[in-house]
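Below you'll find the structure, written out as structure tokens, and then a few comments.
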Amino acid sequence: MANASDYLIGANDEHGLNPPTAGKRTPIMPYIGRSFYENEFNREAKTNFILACLRCGFRVYDIHPEVQDTSISTRVVRANRAGLTLLVTFAYNAFGTGTTFNSARGLEVYYSPYNPYPSESRALSEEIFSEIVNFTGVRERFVGTTSIGVLSNVNCPSSLVEAGFMTNFEEAKLMLNPNFTRGVGEGTCSGVCNYLGVNYVPLELSNYPTIRQGDRSNFVTILQILLNQYGYNLSTDGIFGGNTYRAVLDFQKNNILSQDGIVGPNTWTALLNLDPTSKILRRGSRESAVLYLQKLLLSFLYPITMLDGIFGAETERAVRAFQTENGLIADGIVGPNTWRALQNSTGRPNNQ
């Protein structure tokens, strides 16, 4: 097997969210009265890809760290200056006018015949396509060609993942589903590993070492990225310094963990949400599993306006509505029966 640290993997997400790129959104989703924006999926899938690549030992470079849209030319310049081994871009497809739902659906992965490495780009795309299907079970469409700027103009093999259609009602709901976005990111990383001949390291607790203040590694970067998802504002520099230590202590306090500042199995489990369904959540809970619950409920079209990891009145209303509609006792408490129903649900039907 090749050494993952020899490779610099580029990650890119199409469009922006602050402000949202015009037109890059679903039709208005029923029950919640708003669209899902394309970059809500793109950025989350890219982050999951980066986390997986770091765990596998790659060096990673994000060519679009901004929340706002950034020009293709700027991203191409960044990619070429970095000397990437390869680049993967995340996007979500659309068909028709974009104002109504239709039946177009499925995964497409693209490469450019005008890229300096067209055959390598095709091989990369085929590996990614196959592994996303393996990880998510999404409907297959094809690996195809396109001449769009990022794919054509970067000086390395490059692929574009169009993970589904935001104009398909069921696939639109998947855009914000944390299980799906993680599956796309992990599947893409597995495809990259296959292409480069590198061992894919699974998302399992045993693959996360204990880390503490003073450490420097990919796993410290993973820690910092994960903590930022829970509202901390850390530099993702891979150095376990004072700010990271204090954020770990606060996270451990909120998740009812031993507050020692050491990131071991229990803290990793909470950070990664490896076992959220083992938690019993209710009004007032602030554990990491609450953020996972909120994302899941919103993807199922239960109104959640604040993805903040705090189980407040809005989250309780959404839980009660889900319980009522799924034949459960509507007590607003998320225990084994509610978790089981959530894991088996595809969300509310289209009432339009």
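Lettering and numbering for the structure tokens are positional, with chains as A, B, ... in the shown order, residues counted from 1 in each chain, and ligands counted from 1 in the shown order.
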
Next on the checklist: Neighbouring residues of Phe41 in chain A were defined as those with any atom within 9 Å, considering only C-alpha atoms; residues of the same chain fewer than 6 positions away were excluded. Please report them as JSON, numbers by chain.
Outcome noted: {"A": [90, 91, 92, 174, 175, 176, 177, 181]}

Go ahead and write the selection's residues with all heavy atoms as a PDB file, in the first residue's frame.
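Okay, out_15.pdb is ready:
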```pdb
ATOM      1  N   PHE A  90     -17.770  18.948  -4.501  1.00  0.00           N
ATOM      2  CA  PHE A  90     -19.092  18.452  -4.112  1.00  0.00           C
ATOM      3  C   PHE A  90     -20.174  19.417  -4.577  1.00  0.00           C
ATOM      4  O   PHE A  90     -20.049  20.632  -4.435  1.00  0.00           O
ATOM      5  CB  PHE A  90     -19.162  18.265  -2.594  1.00  0.00           C
ATOM      6  CG  PHE A  90     -18.271  17.154  -2.116  1.00  0.00           C
ATOM      7  CD1 PHE A  90     -16.955  17.420  -1.760  1.00  0.00           C
ATOM      8  CD2 PHE A  90     -18.726  15.849  -2.072  1.00  0.00           C
ATOM      9  CE1 PHE A  90     -16.112  16.404  -1.349  1.00  0.00           C
ATOM     10  CE2 PHE A  90     -17.890  14.821  -1.667  1.00  0.00           C
ATOM     11  CZ  PHE A  90     -16.583  15.098  -1.299  1.00  0.00           C
ATOM     12  N   ALA A  91     -21.251  18.840  -5.138  1.00  0.00           N
ATOM     13  CA  ALA A  91     -22.365  19.627  -5.661  1.00  0.00           C
ATOM     14  C   ALA A  91     -23.644  18.798  -5.574  1.00  0.00           C
ATOM     15  O   ALA A  91     -23.617  17.628  -5.180  1.00  0.00           O
ATOM     16  CB  ALA A  91     -22.085  20.044  -7.104  1.00  0.00           C
ATOM     17  N   TYR A  92     -24.761  19.424  -5.932  1.00  0.00           N
ATOM     18  CA  TYR A  92     -26.057  18.735  -5.964  1.00  0.00           C
ATOM     19  C   TYR A  92     -26.774  19.188  -7.216  1.00  0.00           C
ATOM     20  O   TYR A  92     -26.792  20.368  -7.543  1.00  0.00           O
ATOM     21  CB  TYR A  92     -26.881  19.058  -4.713  1.00  0.00           C
ATOM     22  CG  TYR A  92     -27.591  17.859  -4.131  1.00  0.00           C
ATOM     23  CD1 TYR A  92     -26.882  16.902  -3.411  1.00  0.00           C
ATOM     24  CD2 TYR A  92     -28.960  17.680  -4.282  1.00  0.00           C
ATOM     25  CE1 TYR A  92     -27.526  15.793  -2.857  1.00  0.00           C
ATOM     26  CE2 TYR A  92     -29.609  16.585  -3.729  1.00  0.00           C
ATOM     27  CZ  TYR A  92     -28.886  15.639  -3.014  1.00  0.00           C
ATOM     28  OH  TYR A  92     -29.525  14.538  -2.472  1.00  0.00           O
ATOM     29  N   LEU A 174     -32.655  14.369   1.459  1.00  0.00           N
ATOM     30  CA  LEU A 174     -31.364  13.788   1.821  1.00  0.00           C
ATOM     31  C   LEU A 174     -30.273  14.851   1.976  1.00  0.00           C
ATOM     32  O   LEU A 174     -29.263  14.610   2.645  1.00  0.00           O
ATOM     33  CB  LEU A 174     -30.916  12.787   0.753  1.00  0.00           C
ATOM     34  CG  LEU A 174     -31.673  11.463   0.689  1.00  0.00           C
ATOM     35  CD1 LEU A 174     -31.182  10.642  -0.501  1.00  0.00           C
ATOM     36  CD2 LEU A 174     -31.505  10.674   1.987  1.00  0.00           C
ATOM     37  N   MET A 175     -30.463  16.015   1.379  1.00  0.00           N
ATOM     38  CA  MET A 175     -29.414  17.036   1.389  1.00  0.00           C
ATOM     39  C   MET A 175     -28.974  17.413   2.804  1.00  0.00           C
ATOM     40  O   MET A 175     -27.810  17.730   3.035  1.00  0.00           O
ATOM     41  CB  MET A 175     -29.884  18.283   0.640  1.00  0.00           C
ATOM     42  CG  MET A 175     -30.051  18.094  -0.851  1.00  0.00           C
ATOM     43  SD  MET A 175     -30.847  19.510  -1.640  1.00  0.00           S
ATOM     44  CE  MET A 175     -29.596  20.775  -1.439  1.00  0.00           C
ATOM     45  N   LEU A 176     -29.915  17.409   3.754  1.00  0.00           N
ATOM     46  CA  LEU A 176     -29.596  17.810   5.115  1.00  0.00           C
ATOM     47  C   LEU A 176     -29.551  16.629   6.076  1.00  0.00           C
ATOM     48  O   LEU A 176     -29.378  16.809   7.282  1.00  0.00           O
ATOM     49  CB  LEU A 176     -30.601  18.853   5.621  1.00  0.00           C
ATOM     50  CG  LEU A 176     -30.241  20.322   5.341  1.00  0.00           C
ATOM     51  CD1 LEU A 176     -30.117  20.600   3.856  1.00  0.00           C
ATOM     52  CD2 LEU A 176     -31.230  21.254   5.987  1.00  0.00           C
ATOM     53  N   ASN A 177     -29.697  15.418   5.555  1.00  0.00           N
ATOM     54  CA  ASN A 177     -29.693  14.238   6.406  1.00  0.00           C
ATOM     55  C   ASN A 177     -28.254  13.919   6.815  1.00  0.00           C
ATOM     56  O   ASN A 177     -27.410  13.638   5.955  1.00  0.00           O
ATOM     57  CB  ASN A 177     -30.309  13.056   5.655  1.00  0.00           C
ATOM     58  CG  ASN A 177     -30.475  11.831   6.528  1.00  0.00           C
ATOM     59  OD1 ASN A 177     -29.532  11.381   7.166  1.00  0.00           O
ATOM     60  ND2 ASN A 177     -31.674  11.283   6.550  1.00  0.00           N
ATOM     61  N   THR A 181     -25.037  12.772   4.314  1.00  0.00           N
ATOM     62  CA  THR A 181     -23.866  13.614   4.044  1.00  0.00           C
ATOM     63  C   THR A 181     -22.587  12.930   4.526  1.00  0.00           C
ATOM     64  O   THR A 181     -21.545  13.020   3.877  1.00  0.00           O
ATOM     65  CB  THR A 181     -24.003  15.000   4.696  1.00  0.00           C
ATOM     66  OG1 THR A 181     -24.237  14.862   6.097  1.00  0.00           O
ATOM     67  CG2 THR A 181     -25.145  15.786   4.063  1.00  0.00           C
TER      68      THR A 181
END
```

Checklist entry - Within 6 Å of Glu108 in chain A, counting only C-alpha atoms, which residues qualify if same-chain residues fewer than 4 places away don't, as an MDAnalysis selection string? => result chainID A and resid 141:143 162

Go ahead and save the picked residues with N, CA and C atoms, as a short mmCIF file (atom, residue, chain, number, x, y, z; two decimals), in the first residue's frame.
```cif
data_model
loop_
_atom_site.label_atom_id
_atom_site.label_comp_id
_atom_site.auth_asym_id
_atom_site.auth_seq_id
_atom_site.Cartn_x
_atom_site.Cartn_y
_atom_site.Cartn_z
N ARG A 141 -26.67 6.75 -11.58
CA ARG A 141 -26.93 7.24 -12.94
C ARG A 141 -25.72 6.96 -13.82
N PHE A 142 -24.67 7.75 -13.70
CA PHE A 142 -23.52 7.50 -14.58
C PHE A 142 -22.30 8.31 -14.15
N VAL A 143 -21.15 7.92 -14.69
CA VAL A 143 -19.95 8.74 -14.68
C VAL A 143 -19.88 9.41 -16.05
N GLU A 162 -21.98 14.94 -8.09
CA GLU A 162 -23.36 15.44 -8.04
C GLU A 162 -24.17 14.34 -7.35
#
```

Checklist entry - Which residue, A:Pro118, A:Gly10, A:Gly309, A:Pro178, has the smallest gap to Arg286 in chain A when you use only C-alpha atoms? => result A:Gly309

Checklist entry - Leu124 in chain A: which residues within 8 Å, counting only C-alpha atoms, same-chain residues fewer than 6 positions away excluded, as a list in words? => result Pro157, Ser158, Ser159, Gly191, Val192 and Tyr195 of chain A

Filtering to C-alpha atoms, could you give me those residues as a PDB file, in the first residue's frame?
```
ATOM      1  CA  PRO A 157      -6.901  14.647 -11.739  1.00  0.00           C
ATOM      2  CA  SER A 158     -10.268  16.047 -10.693  1.00  0.00           C
ATOM      3  CA  SER A 159     -13.825  14.811 -10.082  1.00  0.00           C
ATOM      4  CA  GLY A 191     -12.909   5.975  -3.673  1.00  0.00           C
ATOM      5  CA  VAL A 192      -9.858   8.239  -3.402  1.00  0.00           C
ATOM      6  CA  TYR A 195      -7.582   5.200  -6.762  1.00  0.00           C
TER       7      TYR A 195
END
```

Next on the checklist: Which of range 88-319 of chain A end up as strand (DSSP E or B) when DSSP is run on this backbone - answer as a PyMOL selection string?
Outcome noted: chain A and resi 88-93+107-111+140-145+158-165+211+216+239+263+281

Closest atom pairs, residues of range 28-108 of chain A within 12 Å of range 238-244 of chain A, only C-alpha atoms, as a tab-separated table:
```
residue	atom	partner	partner_atom	distance
A:Leu54	CA	A:Gly238	CA	10.6
A:Arg59	CA	A:Gly238	CA	11.3
A:Val60	CA	A:Gly238	CA	11.7
```

Item to check | For Val201 in chain A, the nearest of the candidates A:Ile72, A:Cys189, A:Leu272, A:Leu226, counting only C-alpha atoms | outcome: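 Between A:Ile72, A:Cys189, A:Leu272, A:Leu226, the residue approaching Val201 in chain A most closely is A:Cys189.
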
Closest pair table for range 275-341 of chain A residues within 12 Å of range 13-29 of chain A, only C-alpha atoms, as JSON lines:
```
{"residue": "A:Leu298", "atom": "CA", "partner": "A:Met29", "partner_atom": "CA", "distance": 10.6}
{"residue": "A:Ser299", "atom": "CA", "partner": "A:Met29", "partner_atom": "CA", "distance": 10.1}
{"residue": "A:Phe300", "atom": "CA", "partner": "A:Met29", "partner_atom": "CA", "distance": 10.3}
{"residue": "A:Leu301", "atom": "CA", "partner": "A:Met29", "partner_atom": "CA", "distance": 7.5}
{"residue": "A:Tyr302", "atom": "CA", "partner": "A:Met29", "partner_atom": "CA", "distance": 10.5}
{"residue": "A:Pro303", "atom": "CA", "partner": "A:Met29", "partner_atom": "CA", "distance": 10.6}
```

Convert the current residue selection to file output with N, CA and C atoms, as a PDB file, in the first residue's frame.
```pdb
ATOM      1  N   LEU A 298     -34.943  18.188  10.744  1.00  0.00           N
ATOM      2  CA  LEU A 298     -35.095  19.176   9.674  1.00  0.00           C
ATOM      3  C   LEU A 298     -35.093  18.491   8.317  1.00  0.00           C
ATOM      4  N   SER A 299     -34.232  17.493   8.133  1.00  0.00           N
ATOM      5  CA  SER A 299     -34.213  16.783   6.850  1.00  0.00           C
ATOM      6  C   SER A 299     -35.527  16.040   6.609  1.00  0.00           C
ATOM      7  N   PHE A 300     -36.225  15.697   7.689  1.00  0.00           N
ATOM      8  CA  PHE A 300     -37.535  15.039   7.587  1.00  0.00           C
ATOM      9  C   PHE A 300     -38.669  16.048   7.495  1.00  0.00           C
ATOM     10  N   LEU A 301     -38.323  17.352   7.455  1.00  0.00           N
ATOM     11  CA  LEU A 301     -39.265  18.461   7.249  1.00  0.00           C
ATOM     12  C   LEU A 301     -40.082  18.793   8.484  1.00  0.00           C
ATOM     13  N   TYR A 302     -39.456  18.649   9.647  1.00  0.00           N
ATOM     14  CA  TYR A 302     -40.031  19.172  10.884  1.00  0.00           C
ATOM     15  C   TYR A 302     -39.322  20.489  11.178  1.00  0.00           C
ATOM     16  N   PRO A 303     -40.065  21.571  11.401  1.00  0.00           N
ATOM     17  CA  PRO A 303     -39.445  22.904  11.488  1.00  0.00           C
ATOM     18  C   PRO A 303     -38.408  23.008  12.608  1.00  0.00           C
TER      19      PRO A 303
END
```

With the cut-off set at 10 Å and counting only C-alpha atoms, tabulate each residue of range 22-134 of chain A with an atom at most that distance from an atom of range 339-351 of chain A, showing the nearest atom pair and its distance in Å to one decimal, ordered by chain and increasing number, as a tab-separated table.
```
residue	atom	partner	partner_atom	distance
A:Met29	CA	A:Asn350	CA	8.5
A:Pro30	CA	A:Asn351	CA	6.7
A:Tyr31	CA	A:Asn351	CA	8.3
A:Phe101	CA	A:Asn350	CA	9.6
```

Checklist entry - Just asking: which residues within range 53-287 of chain A are alpha helix (DSSP H) according to DSSP, as a count of residues only? => result 96

Checklist entry - For Leu227 in chain A, which residue among A:Ala82, A:Ala270, A:Leu307, A:Leu160 is the nearest when counting only C-alpha atoms? => result A:Ala270

Checklist entry - With distances taken over only C-alpha atoms, which of A:Gly149, A:Pro116, A:Gly33, A:Gly187 is nearest to Asn134 in chain A? => result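 Closest to Asn134 in chain A, using only C-alpha atoms: A:Gly187.
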
Item to check | Shell around range 273-284 of chain A at 6 Å using only C-alpha atoms, local window under 2 positions removed, as a ChimeraX atom specification | outcome: /A:269-271,289,311-312,333-335,339

Item to check | Best match for closeness to Phe95 in chain A among A:Phe165, A:Tyr61, A:Tyr110, A:Tyr117, counting only C-alpha atoms | outcome: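 Among the listed residues, A:Phe165 lies closest to Phe95 in chain A.
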
Checklist entry - Which residues, written as a list in words, have at least one atom at most 10 Å from Leu203 in chain A, with only C-alpha atoms counted and residues fewer than 5 positions away on the same chain left out? => result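 What passes the distance filter is Leu51, Ala52, Arg55, Cys56, Glu186, Tyr208, Leu272 and Leu274 of chain A.
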
Checklist entry - If you measure from CA of Phe49 in chain A to CA of Asp237 in chain A, what distance in Å do you get, rounded to one decimal? => result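 Interatomic distance, CA of Phe49 in chain A to CA of Asp237 in chain A: 17.5 Å.
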